[in-house]
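Listing of structure_14.cif, mmCIF, C-alpha atoms
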```
data_upload
loop_
_atom_site.label_atom_id
_atom_site.label_comp_id
_atom_site.auth_asym_id
_atom_site.auth_seq_id
_atom_site.Cartn_x
_atom_site.Cartn_y
_atom_site.Cartn_z
CA MET A 1 74.61 -20.29 58.33
CA ARG A 2 76.40 -19.08 55.25
CA ARG A 3 74.92 -21.83 53.11
CA ALA A 4 71.45 -21.07 54.44
CA ALA A 5 71.85 -17.39 53.59
CA MET A 6 73.02 -18.17 50.07
CA THR A 7 70.01 -20.50 49.61
CA CYS A 8 67.65 -17.72 50.73
CA VAL A 9 69.19 -15.25 48.28
CA ALA A 10 68.84 -17.72 45.44
CA PHE A 11 65.18 -18.30 46.33
CA LEU A 12 64.49 -14.57 46.30
CA LEU A 13 66.07 -14.21 42.89
CA MET A 14 63.94 -17.01 41.56
CA VAL A 15 60.78 -15.42 42.94
CA CYS A 16 61.63 -12.02 41.46
CA GLY A 17 62.34 -13.53 38.08
CA CYS A 18 58.92 -15.19 37.95
CA SER A 19 56.82 -12.11 38.81
CA SER A 20 57.84 -9.44 36.30
CA VAL A 21 55.14 -6.73 35.62
CA THR A 22 54.22 -5.75 32.01
CA ALA A 23 52.85 -2.17 31.58
CA GLU A 24 49.58 -1.93 29.51
CA ALA A 25 50.14 0.12 26.36
CA PRO A 26 47.78 3.10 25.90
CA SER A 27 45.13 2.87 23.16
CA PRO A 28 45.46 5.14 20.15
CA PRO A 29 43.23 8.25 20.24
CA PRO A 30 39.76 8.00 18.64
CA VAL A 31 39.37 8.87 14.99
CA VAL A 32 36.75 11.56 14.30
CA ARG A 33 35.08 11.92 10.92
CA VAL A 34 32.94 14.94 10.01
CA SER A 35 30.68 14.87 6.95
CA PRO A 36 30.63 17.25 5.11
CA ALA A 37 34.37 17.37 5.57
CA LEU A 38 35.88 20.35 7.33
CA ASP A 39 37.21 23.00 4.94
CA SER A 40 34.65 22.04 2.28
CA LYS A 41 33.71 25.00 0.12
CA ARG A 42 30.56 23.67 -1.61
CA ALA A 43 29.12 21.08 0.76
CA ARG A 44 25.76 19.47 0.03
CA THR A 45 22.89 20.62 2.21
CA ASP A 46 20.32 17.85 1.85
CA ARG A 47 22.27 15.19 3.78
CA GLY A 48 22.68 17.24 6.92
CA LEU A 49 25.76 17.00 9.15
CA VAL A 50 27.07 13.70 10.53
CA VAL A 51 29.89 13.30 13.07
CA LYS A 52 31.28 9.82 13.83
CA ALA A 53 33.88 8.55 16.29
CA ARG A 54 35.82 5.30 15.84
CA GLY A 55 37.74 3.87 18.77
CA GLY A 56 35.95 6.06 21.30
CA THR A 57 32.75 7.93 22.12
CA LEU A 58 31.60 11.46 21.41
CA SER A 59 31.50 13.55 24.58
CA ARG A 60 30.94 16.97 23.02
CA VAL A 61 29.61 18.13 19.65
CA LEU A 62 29.00 21.82 19.12
CA VAL A 63 27.84 23.09 15.72
CA SER A 64 26.83 26.65 14.97
CA GLU A 65 25.72 28.68 11.98
CA GLY A 66 25.13 32.41 11.94
CA GLY A 67 25.59 32.57 15.69
CA GLN A 68 22.88 29.96 16.29
CA GLN A 69 23.37 26.49 17.75
CA VAL A 70 22.53 23.71 15.31
CA PRO A 71 20.33 21.03 16.94
CA GLY A 72 21.30 17.39 16.66
CA ARG A 73 21.18 14.05 18.42
CA LEU A 74 23.63 11.38 19.59
CA ASP A 75 22.79 7.74 18.97
CA ASP A 76 22.61 5.26 21.85
CA SER A 77 26.21 4.14 21.37
CA ARG A 78 27.39 7.78 21.51
CA THR A 79 29.49 7.20 18.41
CA THR A 80 27.33 9.07 15.86
CA TRP A 81 25.81 12.55 16.00
CA ARG A 82 23.38 13.78 13.34
CA SER A 83 21.95 17.22 12.79
CA ALA A 84 18.21 17.32 13.32
CA TRP A 85 17.59 18.94 9.94
CA THR A 86 19.28 19.70 6.65
CA LEU A 87 21.85 22.46 6.27
CA ARG A 88 21.20 26.03 5.21
CA PRO A 89 22.45 26.88 1.70
CA ALA A 90 25.30 29.37 1.18
CA ALA A 91 26.19 29.27 4.88
CA GLU A 92 29.31 28.81 7.02
CA TYR A 93 29.23 26.16 9.75
CA THR A 94 31.63 25.94 12.69
CA VAL A 95 32.21 22.51 14.23
CA SER A 96 33.89 21.56 17.51
CA VAL A 97 34.09 17.87 18.48
CA THR A 98 35.60 16.03 21.45
CA ALA A 99 35.86 12.23 21.39
CA ASP A 100 37.07 10.25 24.41
CA GLY A 101 39.01 7.02 24.09
CA ALA A 102 38.51 4.01 26.33
CA ARG A 103 42.15 4.32 27.42
CA GLY A 104 44.45 7.08 26.46
CA PRO A 105 44.10 10.59 25.06
CA ALA A 106 40.99 12.24 23.66
CA THR A 107 40.64 13.67 20.15
CA VAL A 108 39.54 17.24 19.51
CA ALA A 109 38.46 18.35 16.03
CA VAL A 110 37.69 21.97 15.24
CA GLY A 111 37.00 23.54 11.86
CA ARG A 112 34.60 25.14 9.39
CA PHE A 113 32.93 24.33 6.12
CA HIS A 114 30.72 26.19 3.63
CA THR A 115 27.58 24.92 1.92
CA ARG A 116 26.71 25.48 -1.71
CA SER A 117 24.02 27.90 -2.87
CA ALA A 118 20.46 26.69 -3.43
CA GLY A 119 20.04 27.00 -7.19
CA ARG A 120 16.30 27.25 -7.79
CA PRO A 121 14.58 27.97 -4.44
CA PHE A 122 11.20 26.82 -3.18
CA GLN A 123 9.31 27.76 -0.05
CA VAL A 124 5.95 27.74 1.72
CA ALA A 125 3.45 29.83 -0.25
CA ALA A 126 0.40 29.62 2.02
CA THR A 127 -0.87 27.86 5.13
CA ALA A 128 -4.10 27.07 6.90
CA PRO A 129 -4.64 27.83 9.70
CA LEU A 130 -3.29 31.35 9.44
CA PRO A 131 -0.61 32.34 11.96
CA GLY A 132 -2.28 33.20 15.25
CA GLU A 133 -5.69 31.88 14.21
CA THR A 134 -7.99 30.14 16.70
CA VAL A 135 -9.58 27.06 15.16
CA GLY A 136 -11.91 24.17 15.85
CA ALA A 137 -11.08 20.65 16.98
CA GLY A 138 -11.15 19.11 13.50
CA MET A 139 -8.91 21.67 11.78
CA PRO A 140 -6.35 20.26 9.33
CA VAL A 141 -2.94 21.81 8.70
CA ILE A 142 -2.64 22.69 5.01
CA ILE A 143 0.66 23.75 3.45
CA ASP A 144 1.00 24.98 -0.13
CA PHE A 145 4.41 25.26 -1.78
CA ASP A 146 5.39 27.71 -4.52
CA ALA A 147 6.96 24.98 -6.71
CA PRO A 148 6.17 21.31 -7.44
CA VAL A 149 7.74 18.82 -5.03
CA ALA A 150 9.29 15.74 -6.62
CA ASP A 151 11.00 14.31 -3.54
CA LYS A 152 7.96 14.31 -1.27
CA ALA A 153 9.58 12.10 1.36
CA ALA A 154 12.45 14.54 1.84
CA VAL A 155 10.08 17.47 2.22
CA GLU A 156 7.73 15.57 4.52
CA ARG A 157 10.62 14.67 6.83
CA ALA A 158 11.24 18.39 7.23
CA LEU A 159 7.70 19.10 8.50
CA GLU A 160 7.27 19.23 12.27
CA VAL A 161 4.03 19.59 14.25
CA LYS A 162 4.33 20.20 18.00
CA ALA A 163 1.17 20.33 20.12
CA GLU A 164 1.01 21.11 23.81
CA THR A 165 -1.11 17.97 24.18
CA PRO A 166 0.68 15.19 22.23
CA VAL A 167 -1.32 13.83 19.33
CA GLU A 168 -0.95 11.23 16.58
CA GLY A 169 -1.18 12.62 13.08
CA ALA A 170 -0.02 12.09 9.52
CA TRP A 171 0.58 14.11 6.35
CA ARG A 172 -1.17 13.29 3.09
CA TRP A 173 -0.11 14.66 -0.29
CA ILE A 174 -3.05 16.05 -2.25
CA SER A 175 -0.95 17.29 -5.18
CA ASP A 176 2.67 18.11 -6.05
CA THR A 177 2.28 21.48 -4.33
CA GLN A 178 -0.03 20.73 -1.39
CA VAL A 179 0.26 18.51 1.68
CA ILE A 180 -2.27 18.20 4.52
CA TYR A 181 -1.83 17.08 8.13
CA ARG A 182 -4.73 15.44 9.92
CA THR A 183 -4.79 14.09 13.43
CA ARG A 184 -6.05 10.60 14.16
CA ARG A 185 -8.58 12.04 16.59
CA PHE A 186 -9.77 15.59 17.08
CA TRP A 187 -7.36 18.05 18.65
CA ALA A 188 -7.61 18.44 22.41
CA PRO A 189 -9.19 21.87 23.07
CA HIS A 190 -7.55 24.94 24.56
CA GLN A 191 -3.97 24.44 23.43
CA GLN A 192 -1.36 25.88 21.09
CA VAL A 193 0.11 24.05 18.11
CA THR A 194 3.33 25.06 16.36
CA VAL A 195 4.15 23.97 12.80
CA THR A 196 7.66 24.30 11.38
CA ALA A 197 8.73 23.53 7.83
CA HIS A 198 12.50 23.01 8.13
CA LEU A 199 12.99 23.55 4.42
CA ALA A 200 16.41 25.24 4.38
CA GLY A 201 18.65 22.86 2.46
CA VAL A 202 15.95 20.33 1.60
CA ARG A 203 16.16 19.02 -1.96
CA ALA A 204 12.63 19.08 -3.39
CA GLY A 205 13.73 17.99 -6.86
CA ALA A 206 16.56 18.30 -9.34
CA GLY A 207 18.24 21.64 -8.71
CA VAL A 208 15.44 22.81 -6.37
CA HIS A 209 16.27 23.45 -2.71
CA GLY A 210 14.63 25.21 0.19
CA THR A 211 16.36 28.35 1.39
CA THR A 212 14.46 29.28 4.56
CA ASP A 213 12.54 27.61 7.36
CA SER A 214 8.94 28.63 8.00
CA THR A 215 7.15 28.53 11.38
CA PHE A 216 3.63 29.45 12.42
CA ALA A 217 1.48 28.76 15.45
CA PHE A 218 -2.26 28.53 15.99
CA THR A 219 -4.61 27.91 18.89
CA VAL A 220 -7.21 25.18 19.22
CA GLY A 221 -10.15 26.85 20.95
CA ARG A 222 -13.19 25.38 22.68
CA ARG A 223 -14.42 22.11 21.22
CA GLN A 224 -17.63 22.73 19.29
CA THR A 225 -19.26 19.83 17.47
CA SER A 226 -22.60 19.86 15.67
CA THR A 227 -24.83 16.99 14.59
CA ILE A 228 -27.59 17.39 12.00
CA ASP A 229 -30.23 14.73 11.41
CA THR A 230 -32.02 15.39 8.12
CA ARG A 231 -34.74 12.85 9.04
CA THR A 232 -35.77 14.56 12.26
CA HIS A 233 -34.87 18.03 10.90
CA GLN A 234 -32.88 18.86 14.03
CA MET A 235 -29.41 20.26 14.71
CA ILE A 236 -27.67 20.00 18.09
CA VAL A 237 -24.58 22.09 18.87
CA ARG A 238 -22.30 21.04 21.73
CA ARG A 239 -19.48 23.06 23.28
CA ASP A 240 -16.92 21.27 25.42
CA GLY A 241 -19.36 18.39 25.80
CA GLU A 242 -22.41 20.42 26.85
CA ILE A 243 -25.43 21.14 24.65
CA ALA A 244 -25.25 24.82 23.71
CA GLN A 245 -28.10 25.05 21.19
CA ARG A 246 -30.89 23.03 19.64
CA MET A 247 -31.97 24.22 16.20
CA ALA A 248 -34.83 23.21 13.95
CA ILE A 249 -33.52 22.97 10.37
CA SER A 250 -34.48 22.23 6.81
CA ALA A 251 -32.03 20.37 4.56
CA GLY A 252 -31.85 19.50 0.86
CA MET A 253 -35.10 18.44 -0.81
CA ALA A 254 -33.27 15.43 -2.35
CA THR A 255 -35.14 15.51 -5.67
CA THR A 256 -31.74 15.32 -7.44
CA PRO A 257 -28.21 14.52 -6.24
CA GLU A 258 -27.43 18.23 -6.51
CA TYR A 259 -30.28 19.07 -4.13
CA THR A 260 -29.33 16.34 -1.63
CA THR A 261 -27.36 17.36 1.45
CA THR A 262 -24.24 15.21 1.86
CA SER A 263 -23.96 12.92 4.88
CA GLY A 264 -20.67 12.66 6.72
CA ILE A 265 -18.21 14.62 8.85
CA HIS A 266 -17.91 18.14 7.47
CA LEU A 267 -15.73 20.95 8.74
CA THR A 268 -16.65 24.62 8.81
CA MET A 269 -14.41 26.26 6.21
CA ASP A 270 -15.30 29.95 6.11
CA LYS A 271 -18.29 32.23 6.57
CA GLY A 272 -19.88 35.38 5.17
CA ASN A 273 -22.73 37.72 5.90
CA PRO A 274 -24.16 37.87 3.34
CA VAL A 275 -23.01 35.28 0.79
CA ARG A 276 -24.20 35.45 -2.81
CA MET A 277 -25.52 32.07 -3.93
CA ILE A 278 -26.15 31.33 -7.61
CA SER A 279 -27.58 28.07 -8.91
CA PRO A 280 -24.73 26.06 -10.48
CA GLY A 281 -24.93 25.13 -14.15
CA ARG A 282 -27.95 27.34 -14.84
CA VAL A 283 -28.46 30.75 -16.39
CA LYS A 284 -31.20 33.26 -15.81
CA GLY A 285 -34.44 31.96 -17.25
CA ASP A 286 -33.61 28.27 -16.73
CA PRO A 287 -35.87 26.20 -14.46
CA GLY A 288 -34.46 26.18 -10.94
CA TYR A 289 -32.30 29.26 -11.47
CA TYR A 290 -31.66 31.45 -8.43
CA ASP A 291 -29.38 34.33 -7.48
CA LEU A 292 -29.73 35.25 -3.82
CA LEU A 293 -27.92 37.02 -0.99
CA ILE A 294 -28.04 34.75 2.05
CA ASP A 295 -27.36 35.98 5.59
CA HIS A 296 -25.11 34.36 8.21
CA ALA A 297 -23.78 31.58 5.97
CA VAL A 298 -21.15 29.13 7.24
CA ARG A 299 -19.62 26.98 4.48
CA ILE A 300 -19.13 23.25 5.14
CA SER A 301 -18.10 21.87 1.72
CA ASN A 302 -16.95 22.84 -1.76
CA SER A 303 -20.18 21.67 -3.37
CA GLY A 304 -22.14 24.71 -2.25
CA GLU A 305 -23.29 23.51 1.18
CA TYR A 306 -23.74 26.03 3.99
CA VAL A 307 -25.48 26.29 7.31
CA HIS A 308 -27.29 29.59 6.92
CA ALA A 309 -30.25 31.73 7.88
CA LYS A 310 -33.61 31.55 6.12
CA ASP A 311 -36.99 32.80 7.19
CA ASN A 312 -38.95 29.69 6.31
CA VAL A 313 -39.85 28.55 9.77
CA TRP A 314 -42.82 26.65 8.36
CA ALA A 315 -40.37 24.03 6.98
CA GLN A 316 -37.71 24.05 9.67
CA GLY A 317 -38.20 21.09 11.97
CA ARG A 318 -40.77 19.60 9.56
CA ALA A 319 -39.55 19.18 5.98
CA ASN A 320 -36.47 19.31 3.76
CA VAL A 321 -37.05 21.91 1.05
CA SER A 322 -33.64 23.50 0.32
CA HIS A 323 -31.31 23.21 -2.67
CA GLY A 324 -28.83 21.24 -0.53
CA CYS A 325 -27.90 23.70 2.24
CA VAL A 326 -29.00 23.47 5.86
CA ASN A 327 -31.07 26.47 6.87
CA ALA A 328 -32.20 27.57 10.31
CA ARG A 329 -34.20 30.32 11.96
CA PRO A 330 -32.44 33.67 11.40
CA ASP A 331 -31.64 34.34 15.06
CA GLN A 332 -30.27 30.84 15.62
CA ALA A 333 -28.30 30.91 12.37
CA ALA A 334 -26.76 34.21 13.49
CA TRP A 335 -25.82 32.60 16.82
CA PHE A 336 -24.16 29.69 15.00
CA TYR A 337 -22.39 32.08 12.63
CA ASP A 338 -21.01 34.24 15.43
CA GLY A 339 -19.67 31.28 17.40
CA SER A 340 -18.17 29.23 14.55
CA LEU A 341 -14.43 28.75 14.08
CA ARG A 342 -12.79 27.24 11.02
CA GLY A 343 -12.40 23.52 11.57
CA ASP A 344 -15.48 22.93 13.74
CA PRO A 345 -16.88 19.45 12.95
CA VAL A 346 -20.43 19.28 11.59
CA THR A 347 -21.71 15.72 11.22
CA ILE A 348 -24.76 15.19 9.00
CA VAL A 349 -26.77 11.95 8.84
CA GLY A 350 -29.89 10.75 7.11
CA THR A 351 -29.25 11.15 3.36
CA ASP A 352 -28.08 8.74 0.68
CA ARG A 353 -25.47 11.14 -0.71
CA ARG A 354 -22.11 10.64 0.99
CA LEU A 355 -19.65 13.49 1.45
CA GLU A 356 -16.51 12.72 -0.54
CA TRP A 357 -13.25 13.02 1.41
CA ASN A 358 -11.85 15.59 -1.03
CA ASN A 359 -14.98 17.74 -1.15
CA GLY A 360 -13.82 20.79 0.77
CA TRP A 361 -12.30 19.65 4.04
CA GLY A 362 -14.04 16.28 4.16
CA PHE A 363 -10.79 14.67 5.30
CA TRP A 364 -12.39 12.96 8.29
CA GLN A 365 -14.37 10.84 5.84
CA LEU A 366 -11.26 8.73 5.27
CA PRO A 367 -10.52 6.07 7.89
CA TRP A 368 -7.21 6.68 9.63
CA GLU A 369 -5.54 3.70 7.91
CA LYS A 370 -6.48 5.10 4.51
CA TRP A 371 -5.50 8.65 5.38
CA ARG A 372 -1.95 7.81 6.38
CA GLU A 373 -1.39 5.84 3.17
CA GLY A 374 -1.19 9.22 1.45
CA SER A 375 2.03 9.97 3.31
CA ALA A 376 5.27 9.75 1.34
CA LEU A 377 6.80 8.12 4.44
CA PHE A 378 4.28 5.30 4.69
CA ARG A 379 4.62 2.05 2.78
CA ALA A 380 1.47 -0.05 2.57
CA GLY A 381 1.45 -3.83 2.38
CA PRO A 382 2.07 -6.86 4.62
CA THR A 383 5.58 -5.67 5.48
CA GLY A 384 4.67 -2.00 5.31
CA GLY A 385 4.83 0.77 7.86
CA TRP A 386 6.58 4.06 8.21
CA VAL A 387 9.65 4.44 6.05
CA PRO A 388 12.64 4.99 8.36
CA SER A 389 14.39 8.34 8.17
CA GLY A 390 18.10 8.85 7.62
#
```
Target encoding structure tokens, full file:
Amino acid sequence: MRRAAMTCVAFLLMVCGCSSVTAEAPSPPPVVRVSPALDSKRARTDRGLVVKARGGTLSRVLVSEGGQQVPGRLDDSRTTWRSAWTLRPAAEYTVSVTADGARGPATVAVGRFHTRSAGRPFQVAATAPLPGETVGAGMPVIIDFDAPVADKAAVERALEVKAETPVEGAWRWISDTQVIYRTRRFWAPHQQVTVTAHLAGVRAGAGVHGTTDSTFAFTVGRRQTSTIDTRTHQMIVRRDGEIAQRMAISAGMATTPEYTTTSGIHLTMDKGNPVRMISPGRVKGDPGYYDLLIDHAVRISNSGEYVHAKDNVWAQGRANVSHGCVNARPDQAAWFYDGSLRGDPVTIVGTDRRLEWNNGWGFWQLPWEKWREGSALFRAGPTGGWVPSG
């Protein structure tokens, strides 16, 4: 019995010696990096704010400036957070970050930094549509800046268009101070569109930065489209798909290019009652000179083309006798004038003079593929496409 007991004890000792437990060491806490660095006094604005976690994931990023939350986005790995836009110049930012480790303690980083002043500022000088305006289905968004833009890609990234009905669109630079947004297809009717230029902190060129954001909203009204056939001398106006008016018209006499109505997709640009029309390139006494006040005139190009009233019913519906405009019976022209919004499409066919895309708002004359090539964020070619941001 005693030997058996001693053998059992020895066996137990052997078993215990072979099954020792090793405790798993905790992981070190995540490392959090904030750029611009906390406590910076003259941080750059144009690179935005970036928060990264190494050895863990970001569970909470709160950034504020002037009492307002700064928007941003986490990447799919939850290790990088980026501010949605650039940073406001001469501002103080407060940052609070929590990063969780896979095993072990979390890391909390809290602090402030200041951004540098803007130097030479630039901002939005003018827009079309105007804030609160109701427009037609073909209306472009036109933004003019008060200083030339050298870094067009940086400025274009700061431009945001939000429509209640999602739409595909692209910006095209017309000059160093003007950029235009056109949708691929006409706007859906009866909706609001909001445009924001997030320019605060954007570097437009050497020493030139935006100081303020600019936001405006407009409404797309009923969809009115007009078609004019200069061969049949007829104009048909449709509203929300239904024929609203048929109008007998007279177009350009086409004896010269100047007197030939342009074919293509026009947009109504403005209107006046009356509008003074003077023959271009002629003075009083020259053949073909005229100086007239024309009623209910709706402009559709920059080359002097209008849809307007004229009491020459003998020609309307029968012959083209104008200097290039489209004229209609006074009562019908007044009806068209009263119901027109800026940006209503007017498509003209039947002449051999084509509307140029940069004649007024002839932007729909460019195929979509050509239009978007004017974006600073689009790279043409076999390996082209949209230039990635960030």
For this session: Please provide the set of residues having any atom within 6 Å of range 170-172 of chain A, restricted to all atoms listed in the file, with same-chain residues fewer than 3 positions apart removed, written as a count of residues only.
Result: 7
Run the PyMOL selection byres ((chain A and resi 131) around 8) mentally over the shown coordinates, then write out the matched residues as a CSV table (one decimal) with C-alpha atoms, keeping the file's coordinate frame, using the chain letters and numbers from the document.
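The resulting file, selection-v8.csv, is reproduced below:
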```
chain,number,residue,atom,x,y,z
A,129,PRO,CA,-4.6,27.8,9.7
A,130,LEU,CA,-3.3,31.4,9.4
A,132,GLY,CA,-2.3,33.2,15.2
A,133,GLU,CA,-5.7,31.9,14.2
A,216,PHE,CA,3.6,29.4,12.4
A,217,ALA,CA,1.5,28.8,15.4
A,218,PHE,CA,-2.3,28.5,16.0
```
Contact residues around Asp338 in chain A with only C-alpha atoms at 12 Å, ignoring same-chain residues under 3 positions, as an mmCIF file with C-alpha atoms, keeping the file's coordinate frame:
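Final file, out-v2.cif:
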```
data_model
loop_
_atom_site.group_PDB
_atom_site.id
_atom_site.type_symbol
_atom_site.label_atom_id
_atom_site.label_comp_id
_atom_site.auth_asym_id
_atom_site.auth_seq_id
_atom_site.Cartn_x
_atom_site.Cartn_y
_atom_site.Cartn_z
ATOM 1 C CA ASP A 270 -15.300 29.950 6.110
ATOM 2 C CA LYS A 271 -18.290 32.230 6.570
ATOM 3 C CA GLY A 272 -19.880 35.380 5.170
ATOM 4 C CA ASN A 273 -22.730 37.720 5.900
ATOM 5 C CA ASP A 295 -27.360 35.980 5.590
ATOM 6 C CA HIS A 296 -25.110 34.360 8.210
ATOM 7 C CA ALA A 297 -23.780 31.580 5.970
ATOM 8 C CA VAL A 298 -21.150 29.130 7.240
ATOM 9 C CA HIS A 308 -27.290 29.590 6.920
ATOM 10 C CA ASP A 331 -31.640 34.340 15.060
ATOM 11 C CA GLN A 332 -30.270 30.840 15.620
ATOM 12 C CA ALA A 333 -28.300 30.910 12.370
ATOM 13 C CA ALA A 334 -26.760 34.210 13.490
ATOM 14 C CA TRP A 335 -25.820 32.600 16.820
ATOM 15 C CA LEU A 341 -14.430 28.750 14.080
ATOM 16 C CA ARG A 342 -12.790 27.240 11.020
#
```
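Separating CA of Asp144 in chain A from CA of Ala204 in chain A is a distance of 13.4 Å.
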For this session: Between CA of Gly362 in chain A and CA of Glu305 in chain A, measure the distance and give it in Å to one decimal.
Result: 12.1 Å
Exercise. Any idea what's packed within 7 Å of Arg73 in chain A, counting all atoms listed in the file, ignoring anything in its chain fewer than 6 positions away? Could you give it as number ranges by chain?
Worked result: A: 81-84
Exercise. Nearest to Val349 in chain A: which of A:Ile265, A:Ala126, A:Ala163, A:Val220 is it, counting only C-alpha atoms?
Worked result: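 Among A:Ile265, A:Ala126, A:Ala163, A:Val220, it is A:Ile265 that comes nearest to Val349 in chain A.
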Problem set entry | Spatial neighbours of range 237-244 of chain A, max dist 8 Å, only C-alpha atoms, sep filter under 5 positions, as a list in words | Arg222, Arg223, Gln224, Thr225, Ser226 and Thr227 of chain A
Problem set entry | Pick from A:Thr115, A:Asn358, A:Thr98, A:Thr260, whichever lies nearest to Ser175 in chain A using only C-alpha atoms |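 Of A:Thr115, A:Asn358, A:Thr98, A:Thr260, the one nearest Ser175 in chain A is A:Asn358, counting only C-alpha atoms.
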Exercise. Just how far from CA of Ala200 in chain A is CA of Arg88 in chain A, in Å to one decimal?
Worked result: 4.9 Å
Running the PyMOL selection byres ((chain A and resi 188) around 10) on this model by hand, what would come out? Give it as a PDB file with C-alpha atoms, in the frame of the given file.
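Okay, this is what ended up in selection30.pdb:
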```
ATOM      1  CA  GLY A 136     -11.910  24.170  15.850  1.00  0.00           C
ATOM      2  CA  ALA A 137     -11.080  20.650  16.980  1.00  0.00           C
ATOM      3  CA  GLY A 138     -11.150  19.110  13.500  1.00  0.00           C
ATOM      4  CA  ALA A 163       1.170  20.330  20.120  1.00  0.00           C
ATOM      5  CA  GLU A 164       1.010  21.110  23.810  1.00  0.00           C
ATOM      6  CA  THR A 165      -1.110  17.970  24.180  1.00  0.00           C
ATOM      7  CA  PRO A 166       0.680  15.190  22.230  1.00  0.00           C
ATOM      8  CA  VAL A 167      -1.320  13.830  19.330  1.00  0.00           C
ATOM      9  CA  ARG A 185      -8.580  12.040  16.590  1.00  0.00           C
ATOM     10  CA  PHE A 186      -9.770  15.590  17.080  1.00  0.00           C
ATOM     11  CA  TRP A 187      -7.360  18.050  18.650  1.00  0.00           C
ATOM     12  CA  PRO A 189      -9.190  21.870  23.070  1.00  0.00           C
ATOM     13  CA  HIS A 190      -7.550  24.940  24.560  1.00  0.00           C
ATOM     14  CA  GLN A 191      -3.970  24.440  23.430  1.00  0.00           C
ATOM     15  CA  GLN A 192      -1.360  25.880  21.090  1.00  0.00           C
ATOM     16  CA  VAL A 220      -7.210  25.180  19.220  1.00  0.00           C
ATOM     17  CA  GLY A 221     -10.150  26.850  20.950  1.00  0.00           C
ATOM     18  CA  ARG A 222     -13.190  25.380  22.680  1.00  0.00           C
ATOM     19  CA  ARG A 223     -14.420  22.110  21.220  1.00  0.00           C
TER      20      ARG A 223
END
```
Exercise. Looking at all atoms listed in the file, which of A:Ser35, A:Thr94, A:Ser301, A:Asn312 is the one that sits closest to Leu62 in chain A?
Worked result: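 Answer, going by the shortest atom-to-atom distance: A:Thr94.
On the file presented, the PyMOL selection byres ((chain A and resi 230-235) around 6) picks out Thr227, Ile228, Asp229, Ile236, Arg246, Met247, Ala248, Ile249, Ser250, Gly317 and Gly350 of chain A.
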If you keep C-alpha atoms, can you produce a file of those selected residues as an mmCIF file, in the coordinates of the input?
```
data_model
loop_
_atom_site.group_PDB
_atom_site.id
_atom_site.type_symbol
_atom_site.label_atom_id
_atom_site.label_comp_id
_atom_site.auth_asym_id
_atom_site.auth_seq_id
_atom_site.Cartn_x
_atom_site.Cartn_y
_atom_site.Cartn_z
ATOM 1 C CA THR A 227 -24.830 16.990 14.590
ATOM 2 C CA ILE A 228 -27.590 17.390 12.000
ATOM 3 C CA ASP A 229 -30.230 14.730 11.410
ATOM 4 C CA ILE A 236 -27.670 20.000 18.090
ATOM 5 C CA ARG A 246 -30.890 23.030 19.640
ATOM 6 C CA MET A 247 -31.970 24.220 16.200
ATOM 7 C CA ALA A 248 -34.830 23.210 13.950
ATOM 8 C CA ILE A 249 -33.520 22.970 10.370
ATOM 9 C CA SER A 250 -34.480 22.230 6.810
ATOM 10 C CA GLY A 317 -38.200 21.090 11.970
ATOM 11 C CA GLY A 350 -29.890 10.750 7.110
#
```
Mind completing range 152-161 of chain A with N, CA and C atoms? Output as a PDB file, in the coordinates of the input, please?
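Result went into selection-v1.pdb, see below:
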```pdb
ATOM      1  N   LYS A 152       8.928  14.024  -2.327  1.00  0.00           N
ATOM      2  CA  LYS A 152       7.960  14.310  -1.270  1.00  0.00           C
ATOM      3  C   LYS A 152       8.416  13.771   0.081  1.00  0.00           C
ATOM      4  N   ALA A 153       9.113  12.652   0.085  1.00  0.00           N
ATOM      5  CA  ALA A 153       9.580  12.100   1.360  1.00  0.00           C
ATOM      6  C   ALA A 153      10.564  13.040   2.036  1.00  0.00           C
ATOM      7  N   ALA A 154      11.473  13.624   1.261  1.00  0.00           N
ATOM      8  CA  ALA A 154      12.450  14.540   1.840  1.00  0.00           C
ATOM      9  C   ALA A 154      11.770  15.769   2.428  1.00  0.00           C
ATOM     10  N   VAL A 155      10.783  16.296   1.723  1.00  0.00           N
ATOM     11  CA  VAL A 155      10.080  17.470   2.220  1.00  0.00           C
ATOM     12  C   VAL A 155       9.234  17.110   3.441  1.00  0.00           C
ATOM     13  N   GLU A 156       8.581  15.964   3.387  1.00  0.00           N
ATOM     14  CA  GLU A 156       7.730  15.570   4.520  1.00  0.00           C
ATOM     15  C   GLU A 156       8.539  15.367   5.791  1.00  0.00           C
ATOM     16  N   ARG A 157       9.762  14.831   5.650  1.00  0.00           N
ATOM     17  CA  ARG A 157      10.620  14.670   6.830  1.00  0.00           C
ATOM     18  C   ARG A 157      10.953  16.004   7.482  1.00  0.00           C
ATOM     19  N   ALA A 158      10.883  17.067   6.719  1.00  0.00           N
ATOM     20  CA  ALA A 158      11.240  18.390   7.230  1.00  0.00           C
ATOM     21  C   ALA A 158      10.076  19.093   7.913  1.00  0.00           C
ATOM     22  N   LEU A 159       8.893  18.471   7.931  1.00  0.00           N
ATOM     23  CA  LEU A 159       7.700  19.100   8.500  1.00  0.00           C
ATOM     24  C   LEU A 159       7.488  18.619   9.930  1.00  0.00           C
ATOM     25  N   GLU A 160       7.367  19.557  10.840  1.00  0.00           N
ATOM     26  CA  GLU A 160       7.270  19.230  12.270  1.00  0.00           C
ATOM     27  C   GLU A 160       6.022  19.896  12.856  1.00  0.00           C
ATOM     28  N   VAL A 161       5.213  19.085  13.555  1.00  0.00           N
ATOM     29  CA  VAL A 161       4.030  19.590  14.250  1.00  0.00           C
ATOM     30  C   VAL A 161       4.202  19.299  15.738  1.00  0.00           C
TER      31      VAL A 161
END
```
